>>> print(open('target_31.tsv').read())   # TSV, C-alpha atoms
chain	number	residue	atom	x	y	z
A	1	MET	CA	33.62	-27.87	-32.25
A	2	ASN	CA	29.91	-27.27	-32.49
A	3	LYS	CA	29.36	-29.39	-29.43
A	4	VAL	CA	31.88	-27.43	-27.43
A	5	ILE	CA	30.18	-24.18	-28.29
A	6	LYS	CA	26.80	-25.59	-27.44
A	7	SER	CA	27.89	-26.75	-24.01
A	8	LEU	CA	29.61	-23.43	-23.42
A	9	VAL	CA	26.39	-21.61	-24.23
A	10	ALA	CA	24.44	-23.95	-21.98
A	11	LEU	CA	26.90	-23.31	-19.18
A	12	ALA	CA	26.68	-19.58	-19.62
A	13	LEU	CA	22.90	-19.73	-19.56
A	14	ALA	CA	22.85	-21.87	-16.45
A	15	GLY	CA	25.36	-19.50	-14.93
A	16	GLY	CA	23.16	-16.57	-15.82
A	17	VAL	CA	20.27	-18.04	-13.89
A	18	THR	CA	22.19	-18.56	-10.67
A	19	MET	CA	23.97	-15.26	-11.24
A	20	THR	CA	20.73	-13.33	-10.82
A	21	ALA	CA	20.10	-14.85	-7.40
A	22	GLN	CA	23.60	-13.83	-6.34
A	23	ALA	CA	23.68	-10.49	-8.07
A	24	SER	CA	25.12	-7.51	-6.22
A	25	PRO	CA	22.78	-4.84	-4.86
A	26	GLU	CA	23.84	-2.52	-7.66
A	27	GLN	CA	23.07	-5.19	-10.26
A	28	ASP	CA	19.68	-5.73	-8.65
A	29	ARG	CA	18.93	-2.03	-8.75
A	30	ALA	CA	20.04	-1.70	-12.36
A	31	ALA	CA	17.76	-4.62	-13.28
A	32	PHE	CA	14.81	-2.99	-11.47
A	33	VAL	CA	15.32	0.30	-13.26
A	34	LYS	CA	15.73	-1.41	-16.61
A	35	TYR	CA	12.64	-3.54	-16.09
A	36	TYR	CA	10.35	-0.63	-15.23
A	37	LYS	CA	11.79	1.53	-18.02
A	38	ASP	CA	10.97	-1.28	-20.38
A	39	ARG	CA	7.43	-1.62	-19.01
A	40	PHE	CA	6.72	2.11	-18.79
A	41	PRO	CA	8.96	3.76	-21.38
A	42	GLU	CA	7.02	7.02	-21.16
A	43	VAL	CA	7.53	7.44	-17.41
A	44	PRO	CA	10.63	9.42	-16.42
A	45	MET	CA	12.59	8.18	-13.40
A	46	GLU	CA	11.72	11.20	-11.25
A	47	GLU	CA	8.02	10.30	-11.54
A	48	TYR	CA	8.32	7.01	-9.64
A	49	PRO	CA	8.07	8.61	-6.18
A	50	ASN	CA	4.46	9.42	-7.12
A	51	GLY	CA	3.62	5.73	-7.03
A	52	VAL	CA	0.65	4.57	-8.99
A	53	TYR	CA	-0.05	8.13	-10.15
A	54	ALA	CA	3.06	7.96	-12.31
A	55	ILE	CA	1.26	5.40	-14.47
A	56	ASP	CA	-2.46	6.06	-13.87
A	57	LYS	CA	-3.62	9.22	-15.64
A	58	VAL	CA	-7.18	9.19	-14.32
A	59	GLY	CA	-6.17	8.54	-10.72
A	60	ARG	CA	-3.57	11.24	-11.07
A	61	GLU	CA	-6.11	13.99	-11.70
A	62	ASN	CA	-7.94	13.18	-8.49
A	63	TRP	CA	-4.71	12.96	-6.62
A	64	GLU	CA	-3.46	16.32	-7.85
A	65	ALA	CA	-6.72	17.90	-6.72
A	66	ILE	CA	-6.29	16.34	-3.28
A	67	GLU	CA	-2.68	17.50	-3.04
A	68	GLU	CA	-3.83	21.10	-3.40
A	69	PHE	CA	-5.13	20.90	0.16
A	70	PRO	CA	-3.00	18.08	1.48
A	71	PRO	CA	-4.83	15.93	4.02
A	72	TYR	CA	-1.56	15.25	5.86
A	73	GLU	CA	-0.90	18.90	6.68
A	74	PRO	CA	-2.34	18.89	10.23
A	75	PHE	CA	-0.11	15.94	11.02
A	76	ILE	CA	2.99	17.86	9.98
A	77	ASP	CA	2.03	20.67	12.36
A	78	SER	CA	1.37	18.36	15.24
A	79	GLY	CA	4.64	16.55	14.49
A	80	GLN	CA	6.51	19.81	14.72
A	81	GLU	CA	5.04	20.40	18.16
A	82	MET	CA	6.15	16.93	19.20
A	83	TRP	CA	9.62	17.58	17.85
A	84	GLU	CA	9.97	20.81	19.76
A	85	LYS	CA	8.31	19.87	23.03
A	86	PRO	CA	10.89	18.88	25.65
A	87	PHE	CA	10.73	15.42	27.24
A	88	ALA	CA	10.12	15.18	30.98
A	89	ASN	CA	13.90	15.35	31.46
A	90	GLY	CA	14.12	18.64	29.56
A	91	LYS	CA	15.84	17.20	26.50
A	92	THR	CA	14.34	17.10	23.01
A	93	TYR	CA	14.63	15.02	19.86
A	94	LYS	CA	17.24	17.48	18.68
A	95	ASP	CA	19.58	16.17	21.39
A	96	CYS	CA	19.40	12.73	19.77
A	97	PHE	CA	19.41	14.04	16.21
A	98	PRO	CA	21.58	17.17	16.03
A	99	ASP	CA	21.03	17.41	12.25
A	100	GLY	CA	17.28	17.14	12.69
A	101	PRO	CA	14.57	17.45	11.71
A	102	ALA	CA	15.63	16.88	8.06
A	103	ILE	CA	17.11	13.44	8.68
A	104	ALA	CA	14.92	11.07	6.67
A	105	ALA	CA	17.55	10.30	4.01
A	106	LYS	CA	19.86	8.88	6.67
A	107	TYR	CA	17.51	5.94	7.08
A	108	PRO	CA	17.36	3.03	6.85
A	109	HIS	CA	21.01	2.29	7.50
A	110	TRP	CA	23.11	-0.57	8.70
A	111	ASP	CA	24.15	-0.17	12.34
A	112	LYS	CA	27.33	-2.14	12.85
A	113	LYS	CA	27.28	-1.90	16.63
A	114	LYS	CA	23.72	-3.13	16.91
A	115	GLY	CA	24.19	-5.58	14.04
A	116	MET	CA	20.87	-4.62	12.48
A	117	VAL	CA	19.10	-2.33	10.06
A	118	VAL	CA	17.98	0.82	11.85
A	119	THR	CA	14.97	2.63	10.44
A	120	LEU	CA	13.80	6.14	11.30
A	121	PRO	CA	10.83	5.05	13.45
A	122	LEU	CA	13.11	2.72	15.38
A	123	ALA	CA	15.68	5.47	15.94
A	124	LEU	CA	12.94	7.85	17.15
A	125	ASN	CA	11.75	5.34	19.71
A	126	GLU	CA	15.30	4.67	20.85
A	127	CYS	CA	15.67	8.36	21.46
A	128	ARG	CA	12.46	8.35	23.50
A	129	LYS	CA	13.53	5.36	25.56
A	130	ALA	CA	16.97	6.84	26.19
A	131	ASN	CA	15.18	9.87	27.61
A	132	GLY	CA	12.77	7.96	29.79
A	133	GLU	CA	9.76	8.33	27.48
A	134	LYS	CA	7.42	5.56	26.46
A	135	PRO	CA	8.04	4.26	22.92
A	136	LEU	CA	5.36	5.01	20.34
A	137	LYS	CA	3.41	2.42	18.40
A	138	TYR	CA	4.84	1.66	14.97
A	139	LYS	CA	1.80	1.52	12.71
A	140	LYS	CA	-0.83	4.02	13.81
A	141	GLY	CA	-0.93	7.08	16.00
A	142	PRO	CA	1.42	9.91	16.94
A	143	ILE	CA	4.62	8.40	15.51
A	144	ASN	CA	3.09	9.32	12.16
A	145	ASP	CA	2.86	12.98	13.15
A	146	LEU	CA	6.53	13.06	14.06
A	147	LEU	CA	7.44	11.19	10.88
A	148	ALA	CA	5.27	13.53	8.80
A	149	TYR	CA	7.15	16.55	10.11
A	150	ILE	CA	10.54	14.94	9.52
A	151	ALA	CA	9.48	13.77	6.06
A	152	TYR	CA	8.26	17.23	5.14
A	153	GLU	CA	11.50	18.82	6.29
A	154	SER	CA	13.46	16.18	4.35
A	155	ARG	CA	11.71	16.70	1.03
A	156	GLY	CA	14.08	16.77	-1.89
A	157	GLN	CA	16.80	14.72	-0.20
A	158	LYS	CA	18.14	11.93	-2.37
A	159	ILE	CA	17.87	8.33	-1.27
A	160	ASP	CA	21.34	6.88	-0.94
A	161	VAL	CA	21.23	3.65	1.03
A	162	LYS	CA	24.61	2.03	1.56
A	163	ILE	CA	25.50	-1.58	2.15
A	164	PRO	CA	28.79	-1.16	4.02
A	165	GLU	CA	31.41	-3.66	2.95
A	166	ASP	CA	33.21	-3.78	6.28
A	167	ASP	CA	30.41	-5.84	7.81
A	168	PRO	CA	29.15	-8.87	5.88
A	169	ARG	CA	25.98	-8.87	7.99
A	170	ALA	CA	24.82	-5.75	6.15
A	171	LEU	CA	24.75	-7.54	2.81
A	172	GLU	CA	23.10	-10.49	4.55
A	173	ALA	CA	20.30	-8.23	5.80
A	174	TYR	CA	19.90	-6.85	2.28
A	175	GLU	CA	19.77	-10.38	0.83
A	176	LYS	CA	17.13	-11.34	3.39
A	177	GLY	CA	15.05	-8.35	2.36
A	178	LYS	CA	15.43	-9.31	-1.29
A	179	LYS	CA	14.48	-12.89	-0.52
A	180	PHE	CA	11.40	-11.65	1.34
A	181	TYR	CA	10.41	-9.55	-1.66
A	182	PHE	CA	10.50	-12.52	-4.03
A	183	THR	CA	8.98	-15.11	-1.67
A	184	ARG	CA	5.43	-16.19	-2.25
A	185	ARG	CA	3.33	-16.13	0.86
A	186	GLY	CA	-0.12	-16.67	2.22
A	187	GLN	CA	-3.06	-18.65	1.02
A	188	LEU	CA	-3.04	-16.71	-2.27
A	189	ASN	CA	0.62	-17.58	-2.87
A	190	PHE	CA	1.76	-14.12	-3.98
A	191	SER	CA	5.08	-12.39	-3.47
A	192	CYS	CA	5.60	-8.63	-3.41
A	193	ALA	CA	7.13	-9.16	-6.85
A	194	SER	CA	4.01	-10.92	-8.16
A	195	CYS	CA	2.03	-7.72	-7.82
A	196	HIS	CA	4.47	-4.82	-7.87
A	197	LEU	CA	6.98	-6.19	-10.39
A	198	GLN	CA	5.36	-8.84	-12.58
A	199	ASN	CA	1.95	-7.17	-12.68
A	200	ALA	CA	2.81	-3.50	-12.17
A	201	GLY	CA	0.34	-1.43	-14.16
A	202	MET	CA	-2.32	-4.14	-14.07
A	203	ARG	CA	-5.59	-3.73	-12.26
A	204	VAL	CA	-6.72	-5.68	-9.20
A	205	ARG	CA	-10.31	-4.90	-8.40
A	206	THR	CA	-10.43	-1.09	-8.31
A	207	GLU	CA	-6.70	-0.49	-7.96
A	208	ILE	CA	-3.82	-0.30	-10.37
A	209	LEU	CA	-0.63	-1.92	-9.11
A	210	SER	CA	2.24	0.50	-8.60
A	211	PRO	CA	5.89	-0.23	-9.37
A	212	SER	CA	8.12	-0.98	-6.37
A	213	LEU	CA	10.51	1.66	-7.54
A	214	GLY	CA	9.59	4.73	-5.51
A	215	HIS	CA	7.61	2.76	-2.93
A	216	VAL	CA	9.58	4.16	0.00
A	217	THR	CA	9.87	7.85	-0.82
A	218	HIS	CA	6.71	9.30	0.70
A	219	TRP	CA	6.06	7.97	4.21
A	220	PRO	CA	4.09	8.39	6.27
A	221	THR	CA	1.18	8.43	3.85
A	222	TYR	CA	-2.36	9.68	4.28
A	223	ARG	CA	-4.73	7.09	2.88
A	224	SER	CA	-8.38	7.83	2.33
A	225	LYS	CA	-9.02	4.22	3.20
A	226	TRP	CA	-7.34	4.69	6.59
A	227	GLY	CA	-8.71	8.19	7.07
A	228	THR	CA	-5.33	9.11	8.52
A	229	VAL	CA	-1.59	8.84	8.02
A	230	GLY	CA	0.13	5.48	8.45
A	231	THR	CA	3.65	4.12	8.34
A	232	LEU	CA	5.39	2.10	5.66
A	233	HIS	CA	5.27	-0.97	7.87
A	234	ARG	CA	1.55	-0.54	8.27
A	235	ARG	CA	1.35	-0.71	4.49
A	236	PHE	CA	3.53	-3.84	4.42
A	237	THR	CA	1.13	-5.34	6.96
A	238	GLY	CA	-1.84	-4.56	4.73
A	239	CYS	CA	-0.25	-6.03	1.63
A	240	ASN	CA	0.64	-9.20	3.54
A	241	LYS	CA	-2.88	-9.53	4.89
A	242	ASN	CA	-4.40	-9.06	1.45
A	243	ILE	CA	-2.71	-12.20	0.23
A	244	ARG	CA	-3.84	-13.97	3.41
A	245	ALA	CA	-0.40	-14.22	4.92
A	246	LYS	CA	0.12	-13.52	8.59
A	247	PRO	CA	1.77	-10.11	8.72
A	248	PHE	CA	5.04	-9.66	10.56
A	249	LYS	CA	5.71	-7.31	13.42
A	250	ALA	CA	6.13	-3.69	12.43
A	251	GLN	CA	9.81	-2.85	12.89
A	252	GLY	CA	10.65	-6.53	13.35
A	253	GLU	CA	13.63	-7.95	11.50
A	254	GLN	CA	11.70	-9.10	8.43
A	255	TYR	CA	10.13	-5.76	7.60
A	256	ARG	CA	13.28	-3.79	8.44
A	257	ASN	CA	15.32	-5.93	6.06
A	258	LEU	CA	12.61	-5.60	3.44
A	259	GLU	CA	12.71	-1.83	3.85
A	260	TYR	CA	16.51	-1.93	3.49
A	261	PHE	CA	16.22	-3.78	0.18
A	262	LEU	CA	13.32	-1.72	-1.15
A	263	THR	CA	14.96	1.56	-0.25
A	264	TYR	CA	18.19	0.51	-1.91
A	265	MET	CA	16.19	-0.17	-5.08
A	266	SER	CA	15.02	3.46	-4.95
A	267	ASN	CA	18.52	4.90	-4.57
A	268	GLY	CA	18.82	8.16	-6.47
A	269	LEU	CA	15.13	9.06	-6.16
A	270	LYS	CA	14.08	12.08	-4.13
A	271	LEU	CA	12.09	11.96	-0.91
A	272	ASN	CA	8.63	13.51	-1.23
A	273	GLY	CA	6.86	12.63	1.99
A	274	PRO	CA	4.39	12.78	3.48
A	275	GLY	CA	2.26	11.37	0.71
A	276	SER	CA	-1.41	10.89	-0.02
A	277	ARG	CA	-2.96	7.86	-1.63
A	278	LYS	CA	-6.34	6.22	-2.15
B	1	MET	CA	-19.91	-40.93	51.93
B	2	MET	CA	-16.29	-39.99	52.22
B	3	ARG	CA	-15.32	-43.17	50.48
B	4	ILE	CA	-17.63	-42.60	47.50
B	5	ASP	CA	-16.44	-39.08	47.04
B	6	LYS	CA	-12.86	-40.26	46.70
B	7	THR	CA	-13.79	-42.91	44.19
B	8	MET	CA	-15.68	-40.39	42.15
B	9	THR	CA	-12.69	-38.10	42.11
B	10	GLY	CA	-10.53	-40.99	41.05
B	11	VAL	CA	-12.80	-41.85	38.16
B	12	ALA	CA	-12.93	-38.27	37.00
B	13	LEU	CA	-9.17	-38.03	37.15
B	14	ALA	CA	-8.72	-41.21	35.14
B	15	LEU	CA	-11.17	-39.93	32.59
B	16	ALA	CA	-9.33	-36.65	32.30
B	17	LEU	CA	-6.05	-38.48	31.78
B	18	MET	CA	-7.60	-40.70	29.17
B	19	LEU	CA	-8.76	-37.66	27.30
B	20	GLY	CA	-5.18	-36.56	27.11
B	21	GLY	CA	-4.89	-33.36	29.10
B	22	GLY	CA	-8.02	-32.25	30.86
B	23	VAL	CA	-8.67	-29.29	28.56
B	24	ALA	CA	-12.03	-30.53	27.43
B	25	MET	CA	-12.68	-31.93	30.89
B	26	ALA	CA	-12.12	-28.72	32.73
B	27	ALA	CA	-14.28	-26.85	30.31
B	28	GLY	CA	-17.29	-29.10	29.95
B	29	THR	CA	-19.57	-31.15	32.09
B	30	ASP	CA	-18.98	-34.87	32.65
B	31	ALA	CA	-21.43	-35.69	29.89
B	32	LYS	CA	-19.48	-33.68	27.38
B	33	ALA	CA	-16.15	-35.03	28.54
B	34	ALA	CA	-17.38	-38.52	28.08
B	35	ASP	CA	-18.07	-37.83	24.43
B	36	PRO	CA	-15.27	-39.54	22.49
B	37	LYS	CA	-15.43	-36.67	20.04
B	38	ALA	CA	-14.09	-34.42	22.79
B	39	ALA	CA	-10.85	-36.32	22.78
B	40	GLU	CA	-10.64	-36.23	19.03
B	41	ALA	CA	-11.29	-32.49	18.95
B	42	ALA	CA	-8.59	-31.88	21.56
B	43	LYS	CA	-6.16	-33.94	19.53
B	44	VAL	CA	-6.87	-32.31	16.18
B	45	ILE	CA	-6.66	-28.87	17.76
B	46	GLU	CA	-3.32	-29.74	19.28
B	47	HIS	CA	-2.04	-30.97	15.93
B	48	ALA	CA	-3.32	-27.85	14.20
B	49	GLU	CA	-1.45	-25.71	16.71
B	50	MET	CA	1.72	-27.72	16.08
B	51	ALA	CA	1.36	-27.28	12.33
B	52	ARG	CA	0.77	-23.54	12.76
B	53	LYS	CA	3.87	-23.17	14.90
B	54	ARG	CA	5.95	-25.13	12.41
B	55	ALA	CA	4.84	-22.84	9.59
B	56	ALA	CA	5.56	-19.79	11.74
B	57	SER	CA	9.08	-21.07	12.46
B	58	VAL	CA	9.90	-20.63	8.76
B	59	ASP	CA	7.88	-17.38	8.39
B	60	GLY	CA	5.23	-19.26	6.48
B	61	GLU	CA	2.15	-18.79	8.65
B	62	TRP	CA	-1.06	-17.81	6.88
B	63	ARG	CA	-3.39	-15.06	8.00
B	64	ASP	CA	-6.33	-16.98	9.39
B	65	THR	CA	-4.79	-20.15	10.82
B	66	ALA	CA	-4.56	-18.91	14.39
B	67	LYS	CA	-8.10	-17.54	14.17
B	68	PHE	CA	-9.40	-20.93	13.07
B	69	ILE	CA	-7.67	-22.62	15.97
B	70	LYS	CA	-9.07	-20.11	18.43
B	71	LYS	CA	-12.54	-20.62	17.02
B	72	ALA	CA	-12.12	-24.41	17.12
B	73	ARG	CA	-11.19	-24.20	20.80
B	74	ALA	CA	-14.27	-22.14	21.52
B	75	LEU	CA	-16.48	-24.59	19.63
B	76	ALA	CA	-15.04	-27.54	21.53
B	77	LYS	CA	-15.69	-25.73	24.77
B	78	GLU	CA	-19.34	-25.39	23.76
B	79	GLY	CA	-19.46	-29.09	23.01
B	80	LYS	CA	-19.72	-28.53	19.26
B	81	TYR	CA	-17.10	-31.14	18.54
B	82	ASP	CA	-17.86	-31.83	14.89
B	83	ALA	CA	-17.57	-28.19	13.97
B	84	ALA	CA	-14.44	-27.84	16.09
B	85	ILE	CA	-12.82	-30.82	14.40
B	86	LYS	CA	-13.66	-29.58	10.93
B	87	LEU	CA	-12.18	-26.18	11.61
B	88	ALA	CA	-9.09	-27.52	13.33
B	89	LYS	CA	-8.43	-29.80	10.38
B	90	LYS	CA	-8.62	-26.83	8.07
B	91	ALA	CA	-6.16	-24.96	10.28
B	92	LYS	CA	-3.84	-27.95	10.38
B	93	ARG	CA	-3.83	-28.17	6.61
B	94	GLN	CA	-3.09	-24.46	6.35
B	95	GLY	CA	-0.15	-24.90	8.70
B	96	GLU	CA	1.18	-27.75	6.61
B	97	LEU	CA	0.74	-25.88	3.35
B	98	GLY	CA	2.29	-22.70	4.74
B	99	TYR	CA	5.29	-24.68	5.92
B	100	GLU	CA	5.69	-26.40	2.58
B	101	GLN	CA	5.28	-23.11	0.74
B	102	ALA	CA	8.12	-21.56	2.73
B	103	VAL	CA	10.59	-24.45	2.66
B	104	SER	CA	10.01	-25.06	-1.03
B	105	GLN	CA	11.34	-21.53	-1.59
B	106	GLU	CA	14.28	-21.87	0.76
B	107	LYS	CA	16.57	-20.84	-2.07
B	108	LEU	CA	15.94	-17.49	-3.65
B	109	ARG	CA	14.83	-17.84	-7.23
B	110	ILE	CA	14.59	-14.78	-9.40
B	111	PRO	CA	11.48	-15.21	-11.57
B	112	SER	CA	12.18	-15.87	-15.24
B	113	TYR	CA	10.30	-12.78	-16.43
B	114	PHE	CA	12.86	-10.70	-14.57
B	115	GLN	CA	16.09	-12.59	-15.22
B	116	SER	CA	16.81	-11.14	-18.62
B	117	TYR	CA	17.01	-7.64	-17.16
B	118	TYR	CA	20.24	-8.60	-15.42
B	119	SER	CA	22.13	-8.92	-18.67
B	120	ASP	CA	23.04	-5.75	-20.50
>>> encode(input="target_31.tsv", output="structure tokens")
Amino acid sequence: MNKVIKSLVALALAGGVTMTAQASPEQDRAAFVKYYKDRFPEVPMEEYPNGVYAIDKVGRENWEAIEEFPPYEPFIDSGQEMWEKPFANGKTYKDCFPDGPAIAAKYPHWDKKKGMVVTLPLALNECRKANGEKPLKYKKGPINDLLAYIAYESRGQKIDVKIPEDDPRALEAYEKGKKFYFTRRGQLNFSCASCHLQNAGMRVRTEILSPSLGHVTHWPTYRSKWGTVGTLHRRFTGCNKNIRAKPFKAQGEQYRNLEYFLTYMSNGLKLNGPGSRK
Amino acid sequence: MMRIDKTMTGVALALALMLGGGVAMAAGTDAKAADPKAAEAAKVIEHAEMARKRAASVDGEWRDTAKFIKKARALAKEGKYDAAIKLAKKAKRQGELGYEQAVSQEKLRIPSYFQSYYSD
């Protein structure tokens, strides 16, 4: 009898281990939330969109002072001009995005026809191409202005990424993003999880590591280090380079799937872009 | 005169072939090309590039591998074969390690510190 129970327990434990790798997106998200709540019991959920400043009191004071005269403001204004200025063919972004400019919460989403995750920067460039305009670069430059305006207009919208069940490729893309997040890379052999999950709240050199929850709510972000606003994929690039891994292409499949996974993890949080960070 | 010229060309061609792809040949003078280290450098660089590509094919390429290979090529071109070989070997090893790193994680494994948060 004892033996039977023992082997049953062993089985259940083994099952539990494989279970986590195959968990559903909602189970993943619940685990993320539970983990960070456990690590930072004093931090309410709605604070996570503030990134490291949700857990770093000293940094927060500086940040709040900076936010009084937000360094990203000029970019919002210039983005509005871009949004309103007609293309050479007379059309505008509004023709592509009738609900615009407050459309940030619609992205990223699974596009069944294209069979891929479509992000906001990608959709903006598709609109440009469809109207005979040159696509914008995905990390630096004017795409950030446009994104800053859209982000600002979308403030307060709730993240609600869906993994549609009528197309198994959507879940596959999510799983790939999740796999990316947990995969160790580069000469330093770190995964995103090593820093932003396992060691969230710890210090590396002069920085405190932020939780991944809330990582996607505030893009584009003005960084003092950059001296300008940059995209989420530019940030991914930086984090990959820091661990001495070759970064992937901005808006390539890897980073889009990663964004899909990360944004799903932040479901329920409110958008608060553009942001400012160190 | 004519005759000699042809022979010379023939010798140079044979040399280039021996060196395995006239990369070093085209770049350097005859003296450099004759250096057996030139052939070795060309070979190690080629192997480094293969290792880099293999790592890239599984998304496992490291940040500096391609830079090392580029630098090794430049060094070989300048006739600094020892330095080129050393750097190319480093790049090759990075390619191999990056590949191994990626394939050893082919299956997603949720880290143990996180697993318990899945149970309620």
>>> residues_around(input="target_31.tsv", residues="A:Trp83", least_positions_apart="2", cutoff="9 Å", atoms="only C-alpha atoms", output="PyMOL selection string")
chain A and resi 78-81+85-86+92-94+101+146+149-150
>>> closest_atom_pairs(input="target_31.tsv", of="chain B", to="chain A", cutoff="12 Å", atoms="all atoms listed in the file", output="tab-separated table")
residue	atom	partner	partner_atom	distance
B:Arg52	CA	A:Lys246	CA	10.9
B:Ala55	CA	A:Lys246	CA	10.5
B:Ala56	CA	A:Lys246	CA	8.9
B:Val58	CA	A:Arg185	CA	11.2
B:Asp59	CA	A:Phe248	CA	8.5
B:Gly60	CA	A:Arg185	CA	6.7
B:Glu61	CA	A:Lys246	CA	5.6
B:Trp62	CA	A:Ala245	CA	4.1
B:Arg63	CA	A:Lys246	CA	3.9
B:Asp64	CA	A:Arg244	CA	7.1
B:Thr65	CA	A:Lys246	CA	8.5
B:Ala66	CA	A:Lys246	CA	9.2
B:Lys67	CA	A:Lys246	CA	10.7
B:Ala91	CA	A:Gln187	CA	11.6
B:Arg93	CA	A:Gln187	CA	11.1
B:Gln94	CA	A:Gln187	CA	7.9
B:Gly95	CA	A:Gln187	CA	10.3
B:Glu96	CA	A:Gln187	CA	11.5
B:Leu97	CA	A:Gln187	CA	8.5
B:Gly98	CA	A:Gly186	CA	7.0
B:Tyr99	CA	A:Arg185	CA	10.1
B:Glu100	CA	A:Arg185	CA	10.7
B:Gln101	CA	A:Arg185	CA	7.2
B:Ala102	CA	A:Arg185	CA	7.5
B:Val103	CA	A:Thr183	CA	10.4
B:Ser104	CA	A:Thr183	CA	10.0
B:Gln105	CA	A:Thr183	CA	6.8
B:Glu106	CA	A:Thr183	CA	8.9
B:Lys107	CA	A:Lys179	CA	8.4
B:Leu108	CA	A:Lys179	CA	5.8
B:Arg109	CA	A:Ala21	CA	6.1
B:Ile110	CA	A:Ala21	CA	5.9
B:Pro111	CA	A:Phe182	CA	8.1
B:Ser112	CA	A:Val17	CA	8.5
B:Tyr113	CA	A:Gln198	CA	7.4
B:Phe114	CA	A:Tyr35	CA	7.3
B:Gln115	CA	A:Thr20	CA	6.4
B:Ser116	CA	A:Ala31	CA	8.5
B:Tyr117	CA	A:Ala31	CA	5.0
B:Tyr118	CA	A:Ala31	CA	5.2
B:Ser119	CA	A:Ala31	CA	8.2
B:Asp120	CA	A:Ala31	CA	9.0
>>> residues_near_point(input="target_31.tsv", point="(-8.0, -21.5, 14.0)", cutoff="9 Å", atoms="all atoms listed in the file", output="MDAnalysis selection string")
chainID B and resid 45 48:49 64:73 87:88 90:92
>>> atom_distance(input="target_31.tsv", atom1="atom CA of A:Met202", atom2="atom CA of A:Gly214")
17.1 Å
>>> residues_near_point(input="target_31.tsv", point="(19.9, 9.6, 1.3)", cutoff="10 Å", atoms="only C-alpha atoms", output="short mmCIF file (atom, residue, chain, number, x, y, z; two decimals) with C-alpha atoms, keeping the file's coordinate frame")
data_model
loop_
_atom_site.label_atom_id
_atom_site.label_comp_id
_atom_site.auth_asym_id
_atom_site.auth_seq_id
_atom_site.Cartn_x
_atom_site.Cartn_y
_atom_site.Cartn_z
CA ILE A 103 17.11 13.44 8.68
CA ALA A 104 14.92 11.07 6.67
CA ALA A 105 17.55 10.30 4.01
CA LYS A 106 19.86 8.88 6.67
CA TYR A 107 17.51 5.94 7.08
CA PRO A 108 17.36 3.03 6.85
CA HIS A 109 21.01 2.29 7.50
CA SER A 154 13.46 16.18 4.35
CA GLY A 156 14.08 16.77 -1.89
CA GLN A 157 16.80 14.72 -0.20
CA LYS A 158 18.14 11.93 -2.37
CA ILE A 159 17.87 8.33 -1.27
CA ASP A 160 21.34 6.88 -0.94
CA VAL A 161 21.23 3.65 1.03
CA LYS A 162 24.61 2.03 1.56
CA THR A 263 14.96 1.56 -0.25
CA TYR A 264 18.19 0.51 -1.91
CA ASN A 267 18.52 4.90 -4.57
CA GLY A 268 18.82 8.16 -6.47
CA LEU A 269 15.13 9.06 -6.16
CA LYS A 270 14.08 12.08 -4.13
CA LEU A 271 12.09 11.96 -0.91
#
>>> axis_aligned_box(input="target_31.tsv", around="stretch 38-54 of chain A", padding_each_side="8 Å", output="lines of an AutoDock Vina configuration file")
center_x = 6.3
center_y = 4.8
center_z = -13.8
size_x = 28.6
size_y = 28.8
size_z = 31.2
>>> build_atoms(input="target_31.tsv", residues="stretch 51-57 of chain B", atoms="N, CA, C and O atoms", output="mmCIF file, in the coordinates of the input")
data_model
loop_
_atom_site.group_PDB
_atom_site.id
_atom_site.type_symbol
_atom_site.label_atom_id
_atom_site.label_comp_id
_atom_site.auth_asym_id
_atom_site.auth_seq_id
_atom_site.Cartn_x
_atom_site.Cartn_y
_atom_site.Cartn_z
ATOM 1 N N ALA B 51 1.134 -27.591 13.755
ATOM 2 C CA ALA B 51 1.360 -27.280 12.330
ATOM 3 C C ALA B 51 1.505 -25.771 12.136
ATOM 4 O O ALA B 51 2.343 -25.295 11.361
ATOM 5 N N ARG B 52 0.688 -25.007 12.858
ATOM 6 C CA ARG B 52 0.770 -23.540 12.760
ATOM 7 C C ARG B 52 2.139 -23.046 13.215
ATOM 8 O O ARG B 52 2.782 -22.226 12.556
ATOM 9 N N LYS B 53 2.586 -23.605 14.356
ATOM 10 C CA LYS B 53 3.870 -23.170 14.900
ATOM 11 C C LYS B 53 5.017 -23.526 13.949
ATOM 12 O O LYS B 53 5.982 -22.786 13.810
ATOM 13 N N ARG B 54 4.897 -24.681 13.328
ATOM 14 C CA ARG B 54 5.950 -25.130 12.410
ATOM 15 C C ARG B 54 6.017 -24.182 11.212
ATOM 16 O O ARG B 54 7.098 -23.808 10.775
ATOM 17 N N ALA B 55 4.876 -23.790 10.716
ATOM 18 C CA ALA B 55 4.840 -22.840 9.590
ATOM 19 C C ALA B 55 5.432 -21.496 10.032
ATOM 20 O O ALA B 55 6.231 -20.885 9.318
ATOM 21 N N ALA B 56 5.057 -21.072 11.239
ATOM 22 C CA ALA B 56 5.560 -19.790 11.740
ATOM 23 C C ALA B 56 7.073 -19.806 11.879
ATOM 24 O O ALA B 56 7.738 -18.796 11.648
ATOM 25 N N SER B 57 7.626 -20.974 12.223
ATOM 26 C CA SER B 57 9.080 -21.070 12.460
ATOM 27 C C SER B 57 9.863 -20.815 11.179
ATOM 28 O O SER B 57 11.049 -20.508 11.233
#
